[in-house]
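Peer 1: mmCIF, N, CA and C atoms, saved as target.cif, coming up:
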data_query
#
loop_
_atom_site.label_atom_id
_atom_site.label_comp_id
_atom_site.auth_asym_id
_atom_site.auth_seq_id
_atom_site.Cartn_x
_atom_site.Cartn_y
_atom_site.Cartn_z
N MET D 1 -38.80 196.16 -7.06
CA MET D 1 -38.20 197.22 -7.78
C MET D 1 -37.64 196.66 -9.08
N ALA D 2 -37.86 197.38 -10.11
CA ALA D 2 -37.41 196.90 -11.42
C ALA D 2 -36.09 197.52 -11.75
N LYS D 3 -35.21 196.74 -12.37
CA LYS D 3 -33.90 197.23 -12.75
C LYS D 3 -33.96 197.72 -14.18
N ARG D 4 -33.23 198.82 -14.43
CA ARG D 4 -33.14 199.33 -15.79
C ARG D 4 -32.04 198.60 -16.52
N SER D 5 -32.23 198.41 -17.73
CA SER D 5 -31.20 197.78 -18.54
C SER D 5 -30.25 198.85 -19.04
N THR D 6 -28.94 198.75 -18.71
CA THR D 6 -27.94 199.73 -19.16
C THR D 6 -26.93 199.10 -20.08
N ILE D 7 -27.26 197.96 -20.62
CA ILE D 7 -26.32 197.30 -21.51
C ILE D 7 -26.26 198.09 -22.80
N GLY D 8 -25.01 198.48 -23.14
CA GLY D 8 -24.82 199.22 -24.37
C GLY D 8 -24.97 200.71 -24.18
N GLU D 9 -25.46 201.18 -23.08
CA GLU D 9 -25.64 202.61 -22.83
C GLU D 9 -24.95 202.98 -21.53
N ASN D 10 -24.23 204.08 -21.57
CA ASN D 10 -23.62 204.60 -20.34
C ASN D 10 -24.39 205.85 -19.97
N PRO D 11 -25.04 205.85 -18.83
CA PRO D 11 -25.84 207.03 -18.48
C PRO D 11 -25.00 208.27 -18.29
N LEU D 12 -23.71 208.11 -18.04
CA LEU D 12 -22.86 209.29 -17.87
C LEU D 12 -22.47 209.93 -19.19
N ASP D 13 -22.65 209.20 -20.27
CA ASP D 13 -22.33 209.74 -21.59
C ASP D 13 -23.41 210.68 -22.10
N ALA D 14 -24.46 210.76 -21.44
CA ALA D 14 -25.57 211.61 -21.91
C ALA D 14 -25.15 213.06 -21.79
N VAL D 15 -25.36 213.83 -22.83
CA VAL D 15 -24.99 215.24 -22.85
C VAL D 15 -26.20 216.04 -22.41
N ILE D 16 -25.98 216.86 -21.42
CA ILE D 16 -27.05 217.71 -20.94
C ILE D 16 -26.95 219.01 -21.72
N GLN D 17 -28.00 219.34 -22.43
CA GLN D 17 -27.98 220.49 -23.30
C GLN D 17 -28.09 221.79 -22.52
N ALA D 18 -28.97 221.89 -21.62
CA ALA D 18 -29.19 223.14 -20.91
C ALA D 18 -28.66 222.98 -19.49
N ASN D 19 -27.51 223.60 -19.23
CA ASN D 19 -26.91 223.55 -17.90
C ASN D 19 -27.13 224.91 -17.25
N PRO D 20 -27.84 224.97 -16.13
CA PRO D 20 -28.11 226.28 -15.53
C PRO D 20 -26.85 226.95 -14.98
N LEU D 21 -25.78 226.21 -14.76
CA LEU D 21 -24.57 226.84 -14.23
C LEU D 21 -23.82 227.63 -15.30
N ASP D 22 -24.07 227.32 -16.56
CA ASP D 22 -23.38 228.06 -17.61
C ASP D 22 -23.79 229.53 -17.60
N THR D 23 -24.90 229.86 -17.11
CA THR D 23 -25.34 231.25 -17.08
C THR D 23 -24.74 231.98 -15.87
N VAL D 24 -24.40 231.24 -14.82
CA VAL D 24 -23.87 231.87 -13.60
C VAL D 24 -22.35 231.90 -13.64
N VAL D 25 -21.75 230.77 -13.97
CA VAL D 25 -20.30 230.66 -13.97
C VAL D 25 -19.84 230.52 -15.41
N PRO D 26 -19.02 231.45 -15.91
CA PRO D 26 -18.56 231.32 -17.29
C PRO D 26 -17.51 230.21 -17.38
N ASP D 27 -17.29 229.75 -18.57
CA ASP D 27 -16.28 228.71 -18.81
C ASP D 27 -14.90 229.34 -18.62
N LEU D 28 -14.16 228.87 -17.60
CA LEU D 28 -12.88 229.48 -17.25
C LEU D 28 -11.76 229.04 -18.17
N SER D 29 -11.97 228.04 -18.96
CA SER D 29 -10.90 227.57 -19.84
C SER D 29 -10.62 228.55 -20.97
N VAL D 30 -11.54 229.41 -21.27
CA VAL D 30 -11.34 230.36 -22.36
C VAL D 30 -10.60 231.60 -21.90
N LEU D 31 -10.59 231.85 -20.62
CA LEU D 31 -9.92 233.04 -20.11
C LEU D 31 -8.41 232.79 -20.03
N SER D 32 -7.63 233.82 -20.26
CA SER D 32 -6.17 233.69 -20.16
C SER D 32 -5.76 233.84 -18.70
N ARG D 33 -4.56 233.40 -18.40
CA ARG D 33 -4.06 233.48 -17.03
C ARG D 33 -3.40 234.85 -16.84
N GLY D 34 -4.13 235.82 -16.56
CA GLY D 34 -3.60 237.16 -16.39
C GLY D 34 -3.86 237.68 -14.99
N GLY D 35 -3.72 236.94 -14.00
CA GLY D 35 -3.89 237.42 -12.63
C GLY D 35 -5.33 237.60 -12.27
N ARG D 36 -5.85 236.78 -11.43
CA ARG D 36 -7.21 236.82 -10.93
C ARG D 36 -8.25 236.66 -12.03
N GLY D 37 -7.89 236.06 -13.12
CA GLY D 37 -8.86 235.76 -14.16
C GLY D 37 -9.17 236.90 -15.10
N GLN D 38 -8.61 238.09 -14.85
CA GLN D 38 -8.89 239.21 -15.73
C GLN D 38 -7.59 239.72 -16.31
N PRO D 39 -7.56 239.97 -17.58
CA PRO D 39 -6.32 240.48 -18.18
C PRO D 39 -6.06 241.90 -17.70
N GLY D 40 -4.75 242.18 -17.43
CA GLY D 40 -4.40 243.52 -16.96
C GLY D 40 -4.40 244.51 -18.10
N PRO D 41 -4.54 245.77 -17.80
CA PRO D 41 -4.53 246.77 -18.86
C PRO D 41 -3.12 246.89 -19.44
N GLU D 42 -3.05 247.12 -20.71
CA GLU D 42 -1.76 247.25 -21.38
C GLU D 42 -1.15 248.60 -21.05
N LEU D 43 0.15 248.57 -20.73
CA LEU D 43 0.86 249.82 -20.46
C LEU D 43 1.32 250.43 -21.76
N ALA D 44 1.48 251.73 -21.74
CA ALA D 44 1.98 252.42 -22.93
C ALA D 44 3.44 252.01 -23.15
N VAL D 45 3.90 252.14 -24.36
CA VAL D 45 5.27 251.74 -24.70
C VAL D 45 6.27 252.56 -23.91
N GLU D 46 6.00 253.85 -23.77
CA GLU D 46 6.90 254.72 -23.00
C GLU D 46 6.97 254.28 -21.55
N ALA D 47 5.82 253.92 -20.99
CA ALA D 47 5.79 253.48 -19.60
C ALA D 47 6.53 252.16 -19.43
N GLN D 48 6.41 251.27 -20.41
CA GLN D 48 7.13 250.00 -20.34
C GLN D 48 8.63 250.22 -20.42
N GLU D 49 9.06 251.13 -21.28
CA GLU D 49 10.49 251.43 -21.39
C GLU D 49 11.01 252.06 -20.10
N ARG D 50 10.22 252.97 -19.55
CA ARG D 50 10.61 253.62 -18.28
C ARG D 50 10.68 252.57 -17.16
N PHE D 51 9.72 251.65 -17.17
CA PHE D 51 9.70 250.58 -16.17
C PHE D 51 10.96 249.70 -16.29
N LYS D 52 11.35 249.38 -17.51
CA LYS D 52 12.56 248.57 -17.72
C LYS D 52 13.80 249.32 -17.26
N ASP D 53 13.86 250.63 -17.56
CA ASP D 53 15.00 251.44 -17.10
C ASP D 53 15.07 251.47 -15.58
N LEU D 54 13.91 251.67 -14.96
CA LEU D 54 13.89 251.69 -13.49
C LEU D 54 14.28 250.34 -12.90
N GLU D 55 13.86 249.26 -13.51
CA GLU D 55 14.24 247.92 -13.04
C GLU D 55 15.74 247.71 -13.14
N ALA D 56 16.33 248.14 -14.27
CA ALA D 56 17.77 247.99 -14.47
C ALA D 56 18.54 248.80 -13.43
N SER D 57 18.10 250.04 -13.19
CA SER D 57 18.80 250.87 -12.19
C SER D 57 18.61 250.30 -10.78
N LEU D 58 17.44 249.73 -10.52
CA LEU D 58 17.20 249.10 -9.22
C LEU D 58 18.14 247.91 -9.02
N ASN D 59 18.33 247.10 -10.04
CA ASN D 59 19.25 245.97 -9.94
C ASN D 59 20.68 246.46 -9.71
N GLY D 60 21.07 247.54 -10.38
CA GLY D 60 22.39 248.13 -10.17
C GLY D 60 22.55 248.62 -8.75
N LEU D 61 21.51 249.28 -8.23
CA LEU D 61 21.57 249.77 -6.85
C LEU D 61 21.65 248.62 -5.86
N ARG D 62 20.94 247.53 -6.14
CA ARG D 62 21.02 246.36 -5.25
C ARG D 62 22.44 245.81 -5.21
N ALA D 63 23.10 245.76 -6.35
CA ALA D 63 24.48 245.27 -6.40
C ALA D 63 25.40 246.21 -5.62
N GLU D 64 25.20 247.53 -5.78
CA GLU D 64 26.02 248.49 -5.04
C GLU D 64 25.78 248.39 -3.54
N VAL D 65 24.53 248.23 -3.14
CA VAL D 65 24.21 248.09 -1.71
C VAL D 65 24.85 246.83 -1.14
N ALA D 66 24.83 245.75 -1.92
CA ALA D 66 25.46 244.50 -1.46
C ALA D 66 26.96 244.72 -1.28
N ALA D 67 27.59 245.45 -2.21
CA ALA D 67 29.03 245.73 -2.09
C ALA D 67 29.31 246.59 -0.87
N VAL D 68 28.46 247.59 -0.63
CA VAL D 68 28.65 248.47 0.53
C VAL D 68 28.47 247.67 1.83
N LYS D 69 27.48 246.79 1.87
CA LYS D 69 27.28 245.96 3.06
C LYS D 69 28.48 245.06 3.31
N ALA D 70 29.03 244.49 2.25
CA ALA D 70 30.22 243.63 2.40
C ALA D 70 31.39 244.45 2.92
N ALA D 71 31.56 245.66 2.39
CA ALA D 71 32.65 246.53 2.86
C ALA D 71 32.43 246.91 4.32
N ALA D 72 31.18 247.15 4.70
CA ALA D 72 30.89 247.50 6.09
C ALA D 72 31.20 246.33 7.02
N ARG D 73 30.87 245.11 6.58
CA ARG D 73 31.20 243.92 7.39
C ARG D 73 32.71 243.79 7.55
N GLU D 74 33.45 244.00 6.45
CA GLU D 74 34.91 243.92 6.53
C GLU D 74 35.47 245.00 7.45
N ALA D 75 34.91 246.21 7.37
CA ALA D 75 35.37 247.30 8.22
C ALA D 75 35.11 246.97 9.69
N ALA D 76 33.95 246.39 9.98
CA ALA D 76 33.65 246.01 11.37
C ALA D 76 34.61 244.93 11.85
N ALA D 77 34.95 243.99 10.98
CA ALA D 77 35.89 242.94 11.36
C ALA D 77 37.27 243.53 11.62
N VAL D 78 37.69 244.46 10.76
CA VAL D 78 39.00 245.10 10.94
C VAL D 78 39.00 245.92 12.23
N LYS D 79 37.90 246.59 12.52
CA LYS D 79 37.82 247.40 13.73
C LYS D 79 37.91 246.52 14.97
N SER D 80 37.23 245.38 14.97
CA SER D 80 37.31 244.49 16.13
C SER D 80 38.72 243.92 16.28
N GLU D 81 39.37 243.60 15.16
CA GLU D 81 40.76 243.12 15.22
C GLU D 81 41.67 244.21 15.77
N LEU D 82 41.46 245.45 15.34
CA LEU D 82 42.27 246.56 15.82
C LEU D 82 42.09 246.75 17.32
N THR D 83 40.86 246.65 17.79
CA THR D 83 40.60 246.78 19.22
C THR D 83 41.30 245.67 19.99
N ALA D 84 41.24 244.45 19.47
CA ALA D 84 41.91 243.33 20.13
C ALA D 84 43.43 243.54 20.14
N LEU D 85 43.98 244.03 19.04
CA LEU D 85 45.42 244.27 18.97
C LEU D 85 45.85 245.39 19.91
N GLN D 86 45.01 246.42 20.05
CA GLN D 86 45.35 247.51 20.98
C GLN D 86 45.38 246.99 22.42
N GLY D 87 44.43 246.13 22.77
CA GLY D 87 44.44 245.54 24.11
C GLY D 87 45.67 244.68 24.33
N GLU D 88 46.02 243.91 23.32
CA GLU D 88 47.21 243.04 23.42
C GLU D 88 48.48 243.87 23.55
N SER D 89 48.58 244.96 22.76
CA SER D 89 49.77 245.81 22.86
C SER D 89 49.86 246.49 24.22
N ALA D 90 48.73 246.88 24.80
CA ALA D 90 48.75 247.48 26.13
C ALA D 90 49.23 246.45 27.17
N ARG D 91 48.79 245.20 27.01
CA ARG D 91 49.23 244.16 27.94
C ARG D 91 50.73 243.91 27.80
N LEU D 92 51.21 243.90 26.55
CA LEU D 92 52.64 243.67 26.31
C LEU D 92 53.48 244.84 26.83
N ARG D 93 52.97 246.06 26.71
CA ARG D 93 53.70 247.21 27.26
C ARG D 93 53.84 247.09 28.77
N GLY D 94 52.76 246.68 29.42
CA GLY D 94 52.82 246.49 30.88
C GLY D 94 53.83 245.42 31.26
N GLU D 95 53.85 244.33 30.53
CA GLU D 95 54.83 243.27 30.83
C GLU D 95 56.24 243.75 30.57
N ALA D 96 56.44 244.52 29.49
CA ALA D 96 57.78 245.04 29.19
C ALA D 96 58.25 245.97 30.31
N GLU D 97 57.38 246.82 30.80
CA GLU D 97 57.74 247.71 31.91
C GLU D 97 58.09 246.91 33.16
N ARG D 98 57.32 245.86 33.41
CA ARG D 98 57.60 245.03 34.59
C ARG D 98 58.94 244.33 34.44
N PHE D 99 59.24 243.86 33.23
CA PHE D 99 60.53 243.20 33.00
C PHE D 99 61.68 244.19 33.12
N LYS D 100 61.48 245.42 32.63
CA LYS D 100 62.52 246.44 32.77
C LYS D 100 62.80 246.73 34.23
N ALA D 101 61.75 246.72 35.04
CA ALA D 101 61.94 246.97 36.47
C ALA D 101 62.65 245.80 37.13
N GLU D 102 62.45 244.59 36.62
CA GLU D 102 63.06 243.41 37.21
C GLU D 102 64.49 243.17 36.74
N VAL D 103 64.93 243.80 35.66
CA VAL D 103 66.25 243.54 35.10
C VAL D 103 67.38 243.80 36.10
N PRO D 104 67.40 244.94 36.81
CA PRO D 104 68.51 245.15 37.75
C PRO D 104 68.56 244.07 38.86
N SER D 105 67.40 243.72 39.38
CA SER D 105 67.41 242.70 40.43
C SER D 105 67.81 241.34 39.86
N LEU D 106 67.40 241.06 38.61
CA LEU D 106 67.80 239.81 37.98
C LEU D 106 69.31 239.77 37.72
N ALA D 107 69.87 240.92 37.32
CA ALA D 107 71.31 240.98 37.08
C ALA D 107 72.06 240.70 38.39
N ALA D 108 71.59 241.26 39.48
CA ALA D 108 72.23 241.03 40.78
C ALA D 108 72.09 239.55 41.16
N GLU D 109 70.92 238.96 40.89
CA GLU D 109 70.69 237.55 41.21
C GLU D 109 71.60 236.66 40.36
N VAL D 110 71.77 237.01 39.09
CA VAL D 110 72.65 236.23 38.21
C VAL D 110 74.09 236.30 38.72
N GLY D 111 74.53 237.48 39.13
CA GLY D 111 75.90 237.62 39.67
C GLY D 111 76.08 236.77 40.92
N ARG D 112 75.10 236.78 41.80
CA ARG D 112 75.19 235.99 43.03
C ARG D 112 75.24 234.50 42.69
N LEU D 113 74.39 234.07 41.72
CA LEU D 113 74.40 232.66 41.33
C LEU D 113 75.73 232.26 40.70
N LYS D 114 76.35 233.16 39.93
CA LYS D 114 77.66 232.87 39.34
C LYS D 114 78.70 232.63 40.43
N THR D 115 78.69 233.47 41.44
CA THR D 115 79.67 233.28 42.53
C THR D 115 79.42 231.97 43.26
N GLU D 116 78.16 231.63 43.48
CA GLU D 116 77.86 230.35 44.13
C GLU D 116 78.32 229.18 43.29
N VAL D 117 78.12 229.24 41.97
CA VAL D 117 78.53 228.16 41.09
C VAL D 117 80.05 228.02 41.11
N THR D 118 80.77 229.12 41.07
CA THR D 118 82.24 229.03 41.13
C THR D 118 82.70 228.45 42.46
N GLN D 119 82.03 228.82 43.55
CA GLN D 119 82.39 228.24 44.85
C GLN D 119 82.13 226.74 44.87
N LEU D 120 81.00 226.33 44.32
CA LEU D 120 80.69 224.90 44.28
C LEU D 120 81.69 224.14 43.40
N LYS D 121 82.11 224.75 42.32
CA LYS D 121 83.11 224.11 41.45
C LYS D 121 84.44 223.94 42.20
N GLU D 122 84.80 224.96 42.94
CA GLU D 122 86.05 224.87 43.72
C GLU D 122 85.95 223.78 44.77
N GLU D 123 84.82 223.72 45.47
CA GLU D 123 84.63 222.68 46.49
C GLU D 123 84.65 221.29 45.86
N LEU D 124 84.02 221.13 44.71
CA LEU D 124 84.01 219.85 44.02
C LEU D 124 85.42 219.45 43.60
N ALA D 125 86.20 220.43 43.11
CA ALA D 125 87.59 220.13 42.74
C ALA D 125 88.40 219.71 43.96
N GLN D 126 88.16 220.33 45.10
CA GLN D 126 88.87 219.97 46.34
C GLN D 126 88.48 218.56 46.78
N VAL D 127 87.19 218.23 46.68
CA VAL D 127 86.72 216.91 47.09
C VAL D 127 87.32 215.85 46.18
N ARG D 128 87.36 216.14 44.89
CA ARG D 128 87.92 215.17 43.94
C ARG D 128 89.43 214.99 44.17
N ALA D 129 90.09 216.07 44.48
CA ALA D 129 91.54 215.99 44.69
C ALA D 129 91.87 215.21 45.95
N GLY D 130 91.08 215.34 46.97
CA GLY D 130 91.36 214.68 48.24
C GLY D 130 90.74 213.30 48.34
N GLN D 131 90.11 212.85 47.36
CA GLN D 131 89.39 211.58 47.42
C GLN D 131 90.35 210.42 47.12
N GLY D 132 90.34 209.41 47.96
CA GLY D 132 91.17 208.23 47.75
C GLY D 132 90.29 207.02 47.61
N PRO D 133 90.91 205.81 47.45
CA PRO D 133 90.09 204.63 47.28
C PRO D 133 89.31 204.28 48.53
N GLY D 134 89.76 204.71 49.70
CA GLY D 134 89.04 204.40 50.92
C GLY D 134 87.85 205.31 51.15
N ASP D 135 87.75 206.37 50.38
CA ASP D 135 86.67 207.32 50.57
C ASP D 135 85.36 206.85 49.92
N LEU D 136 85.44 205.82 49.06
CA LEU D 136 84.24 205.36 48.37
C LEU D 136 83.37 204.56 49.32
N PRO D 137 82.06 204.63 49.15
CA PRO D 137 81.19 203.79 49.98
C PRO D 137 81.39 202.31 49.62
N TRP D 138 80.92 201.43 50.48
CA TRP D 138 81.16 200.00 50.31
C TRP D 138 80.55 199.44 49.04
N TRP D 139 79.44 200.00 48.60
CA TRP D 139 78.76 199.46 47.44
C TRP D 139 79.38 199.91 46.12
N MET D 140 80.31 200.89 46.17
CA MET D 140 80.97 201.34 44.96
C MET D 140 82.41 200.83 44.87
N ARG D 141 82.93 200.17 45.89
CA ARG D 141 84.33 199.83 45.92
C ARG D 141 84.70 198.72 44.94
N GLY D 142 83.84 197.79 44.70
CA GLY D 142 84.21 196.63 43.88
C GLY D 142 84.12 196.87 42.39
N LYS D 143 83.62 197.97 41.91
CA LYS D 143 83.40 198.18 40.49
C LYS D 143 84.66 198.72 39.83
N LYS D 144 84.89 198.24 38.60
CA LYS D 144 86.01 198.73 37.81
C LYS D 144 85.47 199.57 36.66
N LYS D 145 86.27 200.47 36.23
CA LYS D 145 85.86 201.33 35.13
C LYS D 145 86.21 200.74 33.80
#
Please express the file's structure as structure tokens.
Peer 2:
Amino acid sequence: MAKRSTIGENPLDAVIQANPLDTVVPDLSVLSRGGRGQPGPELAVEAQERFKDLEASLNGLRAEVAAVKAAAREAAAVKSELTALQGESARLRGEAERFKAEVPSLAAEVGRLKTEVTQLKEELAQVRAGQGPGDLPWWMRGKKK
């Protein structure tokens, strides 16, 4: 097999004059980027102005809807807090009623405890008054104050 001499020539530099693909596929570099390779039809000036007005009002409506949604979330949070507070107040009312019912018995118990404390104080005073040096246990006798 004989080798071709390519010194000084690059076979890739050769320009092919007649390319059969040029007839099937157009050169895409000349087309503008207008969506799917085809430019869209121009809208009338009035339609463009109307479109801009509608876009502006749509943006305004979106802002209002966002504000309404935020208010609805806050209202739901307040409603859940209110429900929790109503349950807590009902529980506290029940406890208050129970405490009111217990107050008379507690007052009687306090009176009984007061009488017992006074009796114990009297007994302690009697024990202290009657106590002499011989009344101390053996392990406390040697200590001085």
Peer 1: So the first atom is atom C of Ala84 of chain D and the second is atom N of Lys69 of chain D; what is the distance between them in Å, to one decimal place?
Peer 2: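 Straight-line distance from atom C of Ala84 of chain D to atom N of Lys69 of chain D works out to 24.5 Å.
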Peer 1: Measure the distance from atom N of Leu113 of chain D to atom C of Val127 of chain D in Å and round it to one decimal.
Peer 2: 22.8 Å
Peer 1: Go ahead and compute the interatomic distance for atom CA of Val78 of chain D and atom CA of Ala90 of chain D, in Å to one decimal.
Peer 2: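 Interatomic distance here is 18.2 Å.
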